[in-house]
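Here's the structure, in structure tokens; my notes come after.
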Amino acid sequence: MSDDDTPGRADPEELVLDGPGPFQMPICTDLKEIAVGESLAVLRLETLDGQRVDVPVPIGMLVELGEACEEALHQALRSREGPGLQ
């Protein structure tokens, strides 16, 4: 590990999504802030390179986003622990 590496940081990852080309972005390392208005929330993230990424999300999508994140976390944990768990 070099002097500027922080433990727990991962390398940028290329993800395959539906549509043209792969999506690649340095992994966001920190959720810096959440601003919530009447109909829109803005999630402020920071990338490995220290760049700020603001993601606008309609309030109604926050529940769906939370459910999708929960399912992704469960899948990640299952894959780490091996094929025996459900």
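By convention here, the chains of the structure tokens are called A, B, ... in the order presented, each chain's residues are numbered starting at 1, and ligands are numbered starting at 1 in the order presented.
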
Might you pull out every residue within 7 Å of Asp54 in chain A, with only C-alpha atoms counted and same-chain residues fewer than 2 positions away left off, and present them as an MDAnalysis selection string?
chainID A and resid 42:45 52 56

Keeping N, CA and C atoms for every residue in the selection just given, could you write it to a file as a PDB file, in the first residue's frame?
```pdb
ATOM      1  N   VAL A  42     -30.778  15.563  -3.005  1.00  0.00           N
ATOM      2  CA  VAL A  42     -29.498  15.542  -3.701  1.00  0.00           C
ATOM      3  C   VAL A  42     -28.506  14.821  -2.809  1.00  0.00           C
ATOM      4  N   LEU A  43     -27.936  13.746  -3.343  1.00  0.00           N
ATOM      5  CA  LEU A  43     -26.919  12.985  -2.631  1.00  0.00           C
ATOM      6  C   LEU A  43     -25.568  13.493  -3.093  1.00  0.00           C
ATOM      7  N   ARG A  44     -24.747  13.952  -2.183  1.00  0.00           N
ATOM      8  CA  ARG A  44     -23.410  14.448  -2.516  1.00  0.00           C
ATOM      9  C   ARG A  44     -22.410  13.364  -2.131  1.00  0.00           C
ATOM     10  N   LEU A  45     -21.711  12.839  -3.148  1.00  0.00           N
ATOM     11  CA  LEU A  45     -20.735  11.781  -2.968  1.00  0.00           C
ATOM     12  C   LEU A  45     -19.359  12.305  -3.321  1.00  0.00           C
ATOM     13  N   ARG A  52     -16.320  15.782  -6.469  1.00  0.00           N
ATOM     14  CA  ARG A  52     -17.666  15.788  -5.921  1.00  0.00           C
ATOM     15  C   ARG A  52     -18.649  15.371  -7.011  1.00  0.00           C
ATOM     16  N   PRO A  56     -29.076  14.064  -8.173  1.00  0.00           N
ATOM     17  CA  PRO A  56     -30.443  14.434  -7.814  1.00  0.00           C
ATOM     18  C   PRO A  56     -31.344  13.197  -7.857  1.00  0.00           C
TER      19      PRO A  56
END
```

Do a neighbour search on Ala41 in chain A at 10 Å with only C-alpha atoms, toss out local chain neighbours closer than 4 positions, and write the hits as a PyMOL selection string.
chain A and resi 34-37+54-62

Set the distance at 7 Å and use only C-alpha atoms: which residues neighbour Thr29 in chain A once local chain neighbours fewer than 3 positions away are removed? I'd like the list as number ranges by chain.
A: 46-48

Those of range 38-73 of chain A in DSSP helix (DSSP H, G or I), formatted as a VMD selection string
chain A and resid 59 to 73

DSSP-assigned strand (DSSP E or B) members of range 24-86 of chain A, reported as a VMD selection string:
chain A and resid 24 to 25 28 to 36 40 to 47 52 to 58

If I take CA of Cys69 in chain A and CA of Gly82 in chain A, how far is one from the other in Å, to one decimal?
20.1 Å

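Ranking A:Lys32, A:Pro20, A:Glu71, A:Ser79 by their shortest atom-to-atom distance to Gly50 in chain A, with only C-alpha atoms included, puts A:Lys32 first.
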
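Among the candidate residues A:Asp18, A:Asp49, A:Glu81, A:Glu64, the one lying nearest to Asp30 in chain A is A:Asp49, with distances computed using only C-alpha atoms.
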